[in-house]
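So this block is coords.cif, mmCIF, C-alpha atoms:
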```
data_data
loop_
_atom_site.label_atom_id
_atom_site.label_comp_id
_atom_site.auth_asym_id
_atom_site.auth_seq_id
_atom_site.Cartn_x
_atom_site.Cartn_y
_atom_site.Cartn_z
CA MET A 361 127.56 148.58 89.77
CA ILE A 362 128.34 150.89 86.86
CA GLN A 363 132.00 149.94 86.96
CA GLU A 364 131.17 146.24 87.10
CA THR A 365 128.79 146.62 84.19
CA LEU A 366 131.26 148.52 82.05
CA ILE A 367 134.00 146.00 82.74
CA ALA A 368 131.62 143.19 81.81
CA PHE A 369 130.67 145.07 78.66
CA LEU A 370 134.32 145.46 77.65
CA ALA A 371 134.93 141.78 78.30
CA HIS A 372 131.91 141.02 76.15
CA LEU A 373 133.25 143.17 73.32
CA ARG A 374 136.53 141.29 73.40
CA ARG A 375 134.76 137.94 73.46
CA ALA A 376 132.08 138.68 70.86
CA GLY A 377 134.46 140.49 68.52
CA ARG A 378 131.87 143.07 67.51
CA ALA A 379 129.95 145.86 69.13
CA PRO A 380 126.16 145.71 69.52
CA GLU A 381 124.05 147.93 67.29
CA ARG A 382 123.02 150.08 70.22
CA PRO A 383 125.80 149.93 72.79
CA GLU A 384 124.19 152.48 75.10
CA ALA A 385 120.98 150.44 75.29
CA PHE A 386 123.04 147.28 75.70
CA VAL A 387 124.95 148.68 78.69
CA ALA A 388 121.86 150.25 80.22
CA THR A 389 119.97 146.95 80.01
CA MET A 390 122.92 145.09 81.48
CA ALA A 391 123.05 147.50 84.38
CA GLY A 392 119.29 147.33 84.81
CA ASN A 393 119.34 143.53 84.95
CA ARG A 394 122.15 143.63 87.48
CA CYS A 395 120.28 146.09 89.64
CA ARG A 396 117.14 143.95 89.51
CA ASN A 397 119.16 140.92 90.40
CA LEU A 398 120.81 142.70 93.28
CA CYS A 399 117.44 143.87 94.59
CA ARG A 400 116.08 140.36 94.31
CA GLN A 401 119.00 138.93 96.21
CA ARG A 402 118.94 141.68 98.84
CA ARG A 403 115.34 140.84 99.57
CA ARG A 404 116.55 137.41 100.40
CA ARG A 405 119.68 138.59 102.24
CA PRO A 406 119.60 142.25 103.24
CA ASP A 407 123.27 142.21 104.28
CA LEU A 408 124.45 141.09 100.85
CA GLU A 409 127.12 143.25 99.28
CA ALA A 410 126.55 144.59 95.80
CA ARG A 411 129.94 143.40 94.59
CA SER A 412 129.37 139.73 95.43
CA ALA A 413 125.81 139.60 94.17
CA SER A 414 126.10 141.49 90.93
CA GLU A 415 127.46 138.61 88.90
CA TRP A 416 124.51 136.27 89.21
CA PRO A 417 123.82 134.06 87.34
CA LEU A 418 127.06 134.55 85.50
CA GLY A 419 129.56 133.82 88.24
CA ALA A 420 131.35 130.50 88.25
CA GLY A 421 131.29 129.99 92.03
CA ARG A 422 128.26 128.53 93.70
CA SER A 423 127.07 129.39 97.18
CA VAL A 424 124.19 128.79 99.55
CA LEU A 425 122.36 131.45 97.63
CA ASP A 426 122.72 129.44 94.49
CA LEU A 427 121.14 126.46 96.19
CA MET A 428 118.27 128.63 97.34
CA GLU A 429 117.89 129.90 93.81
CA GLU A 430 117.81 126.38 92.49
CA ARG A 431 114.93 125.52 94.78
CA GLU A 432 113.16 128.73 93.92
CA LEU A 433 113.70 128.12 90.23
CA GLU A 434 112.36 124.61 90.55
CA GLU A 435 109.20 125.76 92.27
CA THR A 436 108.52 128.49 89.77
CA VAL A 437 109.28 126.35 86.73
CA ARG A 438 106.95 123.68 88.08
CA GLU A 439 104.20 126.26 88.45
CA GLY A 440 104.97 127.58 84.98
CA LEU A 441 104.78 124.13 83.41
CA ASP A 442 101.34 123.64 84.91
CA ARG A 443 100.21 126.91 83.40
CA LEU A 444 101.89 126.39 80.04
CA GLU A 445 99.58 125.82 77.08
CA ILE A 446 99.07 122.19 76.11
CA GLU A 447 100.78 122.41 72.69
CA CYS A 448 103.99 123.70 74.23
CA ARG A 449 103.84 121.20 77.05
CA ASN A 450 103.39 118.36 74.56
CA LEU A 451 106.31 119.58 72.48
CA LEU A 452 108.61 119.82 75.50
CA LYS A 453 107.49 116.37 76.64
CA ALA A 454 108.17 114.92 73.20
CA ILE A 455 111.68 116.38 73.23
CA TYR A 456 112.68 115.79 76.85
CA ILE A 457 110.75 112.68 77.89
CA ASP A 458 110.13 110.72 74.70
CA GLU A 459 113.37 112.00 73.17
CA THR A 460 111.62 112.06 69.82
CA PRO A 461 114.11 112.91 67.06
CA MET A 462 113.84 116.48 65.85
CA GLU A 463 113.52 115.26 62.26
CA ARG A 464 110.40 113.30 63.16
CA LEU A 465 108.88 116.25 65.01
CA GLN A 466 109.67 118.38 61.99
CA ARG A 467 107.85 115.97 59.66
CA GLU A 468 104.86 115.70 61.99
CA ALA A 469 104.63 119.47 62.25
CA GLY A 470 104.88 119.82 58.47
CA LEU A 471 107.90 122.10 58.71
CA SER A 472 110.48 122.33 55.96
CA THR A 473 113.53 122.43 58.23
CA VAL A 474 114.43 121.04 61.62
CA GLN A 475 115.37 124.56 62.71
CA GLY A 476 111.66 125.27 62.83
CA ILE A 477 111.25 122.79 65.67
CA TYR A 478 114.17 124.32 67.55
CA TYR A 479 112.52 127.69 67.15
CA ARG A 480 109.17 126.37 68.36
CA LYS A 481 110.85 124.82 71.37
CA TYR A 482 112.59 128.12 72.03
CA SER A 483 109.28 129.95 71.71
CA CYS A 484 107.67 127.59 74.21
CA LEU A 485 110.56 128.10 76.61
CA LYS A 486 110.17 131.84 76.17
CA LYS A 487 106.51 131.52 77.07
CA LEU A 488 107.47 129.54 80.12
CA HIS A 489 110.17 132.09 80.81
CA SER A 490 107.71 134.94 80.46
CA LEU A 491 105.38 133.25 82.92
CA LEU A 492 108.21 133.21 85.41
CA ASN A 493 110.33 136.23 84.59
CA PRO A 494 107.80 138.86 85.71
CA GLY A 495 107.45 137.01 88.97
CA ARG A 496 109.87 136.02 91.63
CA LEU A 497 112.83 135.41 89.38
CA GLY A 498 112.55 138.78 87.70
CA GLY A 499 112.20 140.61 90.96
CA HIS A 500 109.71 143.25 92.00
CA ARG A 501 110.64 146.85 91.94
CA THR A 502 109.22 148.91 94.74
CA GLY A 503 109.59 152.54 95.58
CA ARG A 504 111.86 151.65 98.50
CA GLU A 505 114.18 149.51 96.33
CA LYS A 506 114.43 152.18 93.74
CA MET B 486 108.17 153.41 88.20
CA THR B 487 105.14 151.96 89.86
CA ASP B 488 105.38 150.16 93.15
CA SER B 489 105.09 146.38 93.44
CA LYS B 490 105.01 145.85 89.67
CA SER B 491 106.97 143.13 87.95
CA THR B 492 110.24 144.21 86.41
CA PRO B 493 111.51 141.25 84.35
CA PHE B 494 115.05 140.85 83.16
CA GLU B 495 115.43 142.21 79.68
CA CYS B 496 117.53 140.89 76.86
CA VAL B 497 120.54 143.18 76.43
CA ASP B 498 120.56 142.71 72.66
CA PRO B 499 117.23 141.33 71.38
CA ALA B 500 118.57 140.99 67.84
CA VAL B 501 121.08 138.43 69.13
CA GLY B 502 118.83 137.05 71.86
CA GLU B 503 116.21 136.07 69.29
CA ARG B 504 118.76 133.75 67.73
CA ILE B 505 119.94 132.13 70.95
CA TRP B 506 118.07 128.91 70.07
CA ARG B 507 120.54 128.34 67.26
CA LEU B 508 123.10 127.23 69.83
CA GLU B 509 121.41 123.83 69.56
CA GLU B 510 122.36 123.51 65.92
CA SER B 511 125.23 121.07 65.63
CA ASN B 512 126.57 122.57 62.39
CA LEU B 513 126.33 126.19 63.49
CA ASP B 514 129.01 128.50 62.14
CA ALA B 515 131.79 128.99 64.72
CA SER B 516 131.62 132.78 64.63
CA ILE B 517 127.86 132.80 65.22
CA ARG B 518 128.24 130.29 68.03
CA SER B 519 130.92 132.44 69.63
CA GLU B 520 128.71 135.50 69.35
CA LEU B 521 125.72 133.72 70.89
CA GLU B 522 127.80 132.26 73.72
CA ALA B 523 129.23 135.67 74.47
CA HIS B 524 125.71 137.05 74.55
CA LEU B 525 124.63 134.32 76.95
CA GLU B 526 127.40 135.34 79.32
CA VAL B 527 126.22 138.90 79.75
CA CYS B 528 122.47 138.59 79.30
CA HIS B 529 120.56 137.78 82.47
CA ALA B 530 117.33 137.19 80.54
CA CYS B 531 118.83 134.65 78.12
CA SER B 532 120.89 133.05 80.85
CA LEU B 533 117.73 132.61 82.88
CA LEU B 534 116.06 131.14 79.80
CA SER B 535 118.76 128.48 79.51
CA ARG B 536 118.43 127.69 83.22
CA VAL B 537 114.67 127.44 82.80
CA GLU B 538 115.19 124.94 80.00
CA VAL B 539 117.47 122.76 82.11
CA LYS B 540 115.05 122.86 85.02
CA ALA B 541 112.00 122.21 82.83
CA ARG B 542 113.73 119.18 81.36
CA GLN B 543 114.57 117.84 84.81
CA LEU B 544 111.07 118.41 86.12
CA LEU B 545 109.31 116.89 83.13
CA ARG B 546 111.50 113.82 83.33
CA THR B 547 111.00 113.55 87.08
CA GLU B 548 107.25 113.84 86.65
CA HIS B 549 107.37 111.13 84.06
CA GLY B 550 109.44 108.96 86.36
CA THR B 551 112.31 108.61 83.94
CA GLN B 552 114.88 111.08 85.25
CA ARG B 553 117.25 110.11 82.50
CA PRO B 554 120.77 111.49 82.80
CA LEU B 555 121.27 114.86 81.23
CA PRO B 556 123.60 115.07 78.25
CA GLN B 557 126.29 116.79 80.33
CA VAL B 558 126.58 113.88 82.77
CA ARG B 559 130.10 112.87 81.74
CA PRO B 560 130.70 109.88 84.09
CA ALA B 561 127.89 107.89 82.52
CA ALA B 562 129.19 108.67 79.05
CA ARG B 563 132.72 107.54 79.96
CA PHE B 564 131.40 104.39 81.55
CA SER B 565 129.25 103.49 78.59
CA GLY B 566 132.27 103.99 76.29
CA ARG B 567 134.32 101.43 78.21
CA ALA B 568 131.38 99.07 78.41
CA VAL B 569 130.74 99.37 74.71
CA ARG B 570 134.38 98.55 73.93
CA ALA B 571 134.28 95.52 76.25
CA ARG B 572 131.04 94.42 74.67
CA ILE B 573 132.46 94.73 71.18
CA VAL B 574 135.51 92.61 72.08
CA ALA B 575 133.41 89.98 73.85
CA GLY B 576 130.87 90.00 71.04
CA LEU B 577 133.52 89.55 68.37
CA ALA B 578 135.14 86.71 70.32
CA PHE B 579 131.78 85.01 70.74
CA ALA B 580 130.93 85.45 67.07
CA ALA B 581 134.32 84.07 66.03
CA CYS B 582 133.86 81.03 68.26
CA LEU B 583 130.40 80.49 66.85
CA VAL B 584 131.65 80.66 63.27
CA LEU B 585 134.50 78.27 64.04
CA SER B 586 132.10 75.87 65.74
CA ILE B 587 129.81 75.85 62.74
CA THR B 588 132.47 75.61 60.03
CA SER B 589 134.84 73.12 61.63
CA PRO B 590 134.08 69.38 61.71
CA PRO B 591 132.30 68.22 64.87
CA ARG B 592 133.52 65.61 67.34
CA SER B 593 132.26 62.07 67.26
CA VAL B 594 129.22 61.54 69.50
CA SER B 595 130.60 58.15 70.51
CA PRO B 596 133.81 58.16 72.52
CA ALA B 597 134.54 54.61 71.37
CA ALA B 598 134.30 55.50 67.72
CA ARG B 599 137.43 56.14 65.73
CA SER B 600 138.15 59.74 65.04
CA ARG B 601 140.36 61.69 62.74
CA GLY B 602 144.04 61.19 63.35
CA ASP B 603 143.77 57.57 64.37
CA ASP B 604 146.22 55.26 62.68
CA ALA B 605 143.73 52.52 61.84
CA ALA B 606 141.53 52.82 58.77
CA HIS B 607 138.31 54.73 59.40
CA PHE B 608 135.84 57.21 57.95
CA VAL B 609 137.09 60.79 58.05
CA ARG B 610 133.76 62.41 57.21
CA PRO B 611 131.12 62.18 58.39
CA VAL B 612 132.18 61.44 61.93
CA GLU B 613 130.12 59.15 64.08
CA GLY B 614 126.66 60.62 64.76
CA GLU B 615 127.16 63.69 62.56
CA VAL B 616 124.12 65.48 61.18
CA LEU B 617 124.33 66.22 57.46
CA ALA B 618 122.06 68.74 55.79
CA SER B 619 123.22 68.07 52.25
CA SER B 620 121.16 65.77 50.05
CA GLU B 621 124.42 64.75 48.34
CA PRO B 622 126.87 64.24 51.19
CA THR B 623 130.46 63.26 50.46
CA LEU B 624 131.94 60.33 52.35
CA GLU B 625 135.68 60.31 53.02
CA TRP B 626 137.90 57.69 54.55
CA THR B 627 141.55 56.96 55.11
CA ARG B 628 143.62 55.11 52.54
CA ILE B 629 144.07 51.40 53.02
CA ASP B 630 147.27 49.84 51.77
CA ASP B 631 146.98 47.54 48.74
CA ALA B 632 143.30 48.38 48.22
CA SER B 633 142.62 48.88 44.51
CA ARG B 634 138.97 49.78 44.93
CA TYR B 635 136.64 50.86 47.72
CA LEU B 636 132.99 49.85 48.04
CA VAL B 637 130.47 51.75 50.16
CA ASP B 638 127.22 50.20 51.30
CA LEU B 639 124.71 52.72 52.63
CA ARG B 640 121.97 51.31 54.86
CA ASP B 641 119.00 52.95 56.54
CA ASP B 642 118.00 52.58 60.20
CA THR B 643 116.17 49.33 59.41
CA GLY B 644 119.33 47.81 57.99
CA ALA B 645 118.13 47.82 54.40
CA THR B 646 120.61 48.93 51.76
CA VAL B 647 119.52 52.20 50.12
CA TRP B 648 122.55 52.78 47.92
CA LYS B 649 125.86 51.23 46.89
CA GLY B 650 128.84 52.97 45.37
CA GLU B 651 132.40 52.34 44.24
CA SER B 652 135.46 54.50 44.15
CA GLU B 653 139.13 54.16 43.38
CA GLY B 654 139.95 57.07 45.65
CA THR B 655 139.22 57.79 49.28
CA SER B 656 135.99 59.76 48.83
CA LEU B 657 132.62 59.24 47.26
CA ARG B 658 129.63 61.51 46.80
CA VAL B 659 126.26 60.02 47.61
CA PRO B 660 123.90 60.98 44.76
CA THR B 661 120.47 62.51 45.24
CA SER B 662 119.03 59.32 43.79
CA ALA B 663 120.05 57.57 47.02
CA GLY B 664 117.01 59.34 48.50
CA LEU B 665 118.37 60.36 51.88
CA GLU B 666 115.43 61.53 54.00
CA HIS B 667 115.60 64.14 56.73
CA GLY B 668 115.26 62.78 60.23
CA HIS B 669 116.59 59.35 59.31
CA GLN B 670 119.85 57.72 60.34
CA TYR B 671 122.10 55.94 57.88
CA ARG B 672 125.12 53.78 58.26
CA ALA B 673 127.87 53.72 55.64
CA ILE B 674 129.90 50.48 55.56
CA LEU B 675 133.26 50.43 53.79
CA SER B 676 134.76 47.35 52.11
CA THR B 677 137.71 46.95 49.76
CA GLN B 678 138.97 45.01 46.82
CA PRO B 679 140.67 42.70 47.52
CA MET B 680 138.08 41.97 50.19
CA ASP B 681 140.43 40.38 52.69
CA LEU B 682 142.22 43.60 53.58
CA ILE B 683 139.71 44.51 56.31
CA ALA B 684 137.22 42.55 58.38
CA PRO B 685 133.68 42.79 56.93
CA GLY B 686 131.73 45.64 58.58
CA SER B 687 134.68 46.77 60.68
CA ILE B 688 134.82 50.23 59.06
CA SER B 689 131.51 52.04 59.23
CA VAL B 690 130.01 55.32 60.31
CA LEU B 691 126.56 56.33 61.47
CA PHE B 692 125.17 59.69 60.43
CA ARG B 693 121.82 61.42 60.27
CA SER B 694 120.30 63.32 57.40
CA ASP B 695 118.48 66.45 58.59
CA GLY B 696 117.94 70.15 58.04
CA MET B 697 120.48 72.98 58.10
CA TRP B 698 119.40 74.22 61.53
CA GLN B 699 119.83 70.77 63.06
CA GLN B 700 123.26 70.54 61.46
CA ILE B 701 124.31 73.88 62.99
CA VAL B 702 122.98 72.91 66.41
CA HIS B 703 124.81 69.58 66.22
CA ARG B 704 128.09 71.20 65.21
CA VAL B 705 127.87 73.73 68.05
CA ARG B 706 126.95 71.02 70.52
CA TRP B 707 129.78 68.72 69.41
CA SER B 708 132.43 71.32 68.64
CA HIS B 709 135.92 71.06 70.13
CA PRO B 710 135.83 71.36 73.96
CA LEU B 711 138.38 74.20 73.92
CA LEU B 712 136.21 76.12 71.48
CA GLN B 713 133.21 75.57 73.74
CA VAL B 714 135.10 76.89 76.78
CA VAL B 715 136.19 80.04 74.91
CA SER B 716 132.63 80.53 73.63
CA VAL B 717 131.22 80.35 77.16
CA LEU B 718 133.87 82.77 78.46
CA ALA B 719 133.14 85.21 75.62
CA LEU B 720 129.42 84.95 76.30
CA LEU B 721 129.98 85.60 80.01
CA GLY B 722 132.12 88.60 79.11
CA LEU B 723 129.38 89.87 76.84
CA VAL B 724 126.78 89.57 79.60
CA ALA B 725 129.11 91.04 82.25
CA SER B 726 129.89 94.05 80.07
CA THR B 727 126.18 94.68 79.60
CA LEU B 728 124.96 94.36 83.20
CA PRO B 729 126.93 97.23 84.79
CA LEU B 730 125.72 99.58 82.08
CA ARG B 731 122.14 98.74 82.96
CA ARG B 732 122.84 99.31 86.64
CA MET B 733 124.48 102.63 85.83
CA THR B 734 121.56 103.67 83.66
CA GLN B 735 119.08 102.76 86.38
CA LYS B 736 121.13 104.64 88.93
CA HIS B 737 120.99 107.80 86.85
CA SER B 738 117.34 107.40 85.89
#
```
Would it be possible to restate this file's structure as structure tokens?
Amino acid sequence: MIQETLIAFLAHLRRAGRAPERPEAFVATMAGNRCRNLCRQRRRRPDLEARSASEWPLGAGRSVLDLMEERELEETVREGLDRLEIECRNLLKAIYIDETPMERLQREAGLSTVQGIYYRKYSCLKKLHSLLNPGRLGGHRTGREK
Amino acid sequence: MTDSKSTPFECVDPAVGERIWRLEESNLDASIRSELEAHLEVCHACSLLSRVEVKARQLLRTEHGTQRPLPQVRPAARFSGRAVRARIVAGLAFAACLVLSITSPPRSVSPAARSRGDDAAHFVRPVEGEVLASSEPTLEWTRIDDASRYLVDLRDDTGATVWKGESEGTSLRVPTSAGLEHGHQYRAILSTQPMDLIAPGSISVLFRSDGMWQQIVHRVRWSHPLLQVVSVLALLGLVASTLPLRRMTQKHS
């Protein structure tokens, strides 16, 4: 896992063209996320090898596991949308369903730039994400997994 | 670490992760875009966020019953491009036919009436049954040998003369004072000096004075048959290029 993480970090350095401000924290968080992901996938398939599972969701290939994840993601996002506050839900509906132009949403919200709407949308998605991330998708750490 | 507690994915570089939303900006600087995309590749938390967005969009649209195709659905985009090109061609052809129909002289409504190109003397414009929107229409006829002067007698649908005019040439403008009324038919009868060159009343044309819209409708209705065929084909092409797009859209929605 450490090797995989370091290789991924080096590839990231080459791609991004600059080092993060705190490379040690960067690598540690990468490794932590990979471990959590591996634990999550091992709960689903105990025989899963670390090498094949460590790349999720970054790997290009798709497998049965991916399909399972899709279903799981769908269920959890649906639950999250039901729990999401009404303002965020309305904003996401306006963007995705009504396809309201961002400029119009910006005017209605009284914002000076359209970037403000993108940021609000991102914030709403983060709220939705935070509703989900601590749950099934983020994985649960237990003493045994550790 | 405590047992059974949630351990969410964490952003590997929050300073960059906080700006991940800027990937939606169309005019984003290339270096920033590259940096954000590189971040997305290694960060489980941000990658999950983007997957959550895609799934939320799908679910919201499904709930709403629209299920519109996502932007990355390339086949629909390629199809619509071809359909749009076909529609543009068909639309231009139809528009060209329509313009030609309106601007070119119409056919005679009476097959027995003389038309342009005949050898015998006749009225060139208007043609038999033509609708004229102008209050000062110009009458034109073919030249008659040895005629030194042409006389035009304009009569209304009751047969009463409403105006008479003379010309040394082969055209004559009917003045506003003739009082042509919309919705009424008039017959122009041509005679010559010397009078024995043509039989009395043998050269005449019937036309109707009406509004611009009626004139356009008449010209389209009585345009050249070839022009009508091309117009119908162009219209069919226009409809045919539109229908598959609708089917495709419904299929994806």
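A straight line drawn from CA of Ile367 (chain A) to CA of Leu525 (chain B) is 16.1 Å long.
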Expected answer as a ChimeraX atom specification: all residues with atoms within 7 Å of (141.1, 46.4, 43.4), all atoms listed in the file:
/B:632-634,678-679
Given all atoms listed in the file as the basis, pick out the residue of B:Glu538, B:Asp638, B:Asp695, B:Glu520 nearest to Arg375 (chain A).
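Ranked by minimum distance to Arg375 (chain A), first place goes to B:Glu520.
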Can you list what the PyMOL selection byres ((chain A and resi 390) around 9) grabs from this structure, as a ChimeraX atom specification?
/A:365,368-369,385-389,391-395 /B:495-497,527-529
If I take CA of Leu691 (chain B) and CA of Ser662 (chain B), how far is one from the other in Å, to one decimal?
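Result for CA of Leu691 (chain B) versus CA of Ser662 (chain B): 19.4 Å, one decimal.
One distance worth recording is that between CA of Gly470 (chain A) and CA of Ala541 (chain B), which is 25.5 Å.
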Counting only C-alpha atoms, find residues at most 8 Å from (132.7, 69.2, 61.8) (file frame) and give them as a PDB file with C-alpha atoms, in the frame of the given file.
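In the end it all went to out-v5.pdb:
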```pdb
ATOM      1  CA  SER B 586     132.100  75.870  65.740  1.00  0.00           C
ATOM      2  CA  ILE B 587     129.810  75.850  62.740  1.00  0.00           C
ATOM      3  CA  THR B 588     132.470  75.610  60.030  1.00  0.00           C
ATOM      4  CA  SER B 589     134.840  73.120  61.630  1.00  0.00           C
ATOM      5  CA  PRO B 590     134.080  69.380  61.710  1.00  0.00           C
ATOM      6  CA  PRO B 591     132.300  68.220  64.870  1.00  0.00           C
ATOM      7  CA  ARG B 592     133.520  65.610  67.340  1.00  0.00           C
ATOM      8  CA  PRO B 611     131.120  62.180  58.390  1.00  0.00           C
ATOM      9  CA  VAL B 612     132.180  61.440  61.930  1.00  0.00           C
ATOM     10  CA  GLU B 615     127.160  63.690  62.560  1.00  0.00           C
ATOM     11  CA  ARG B 704     128.090  71.200  65.210  1.00  0.00           C
ATOM     12  CA  SER B 708     132.430  71.320  68.640  1.00  0.00           C
TER      13      SER B 708
END
```
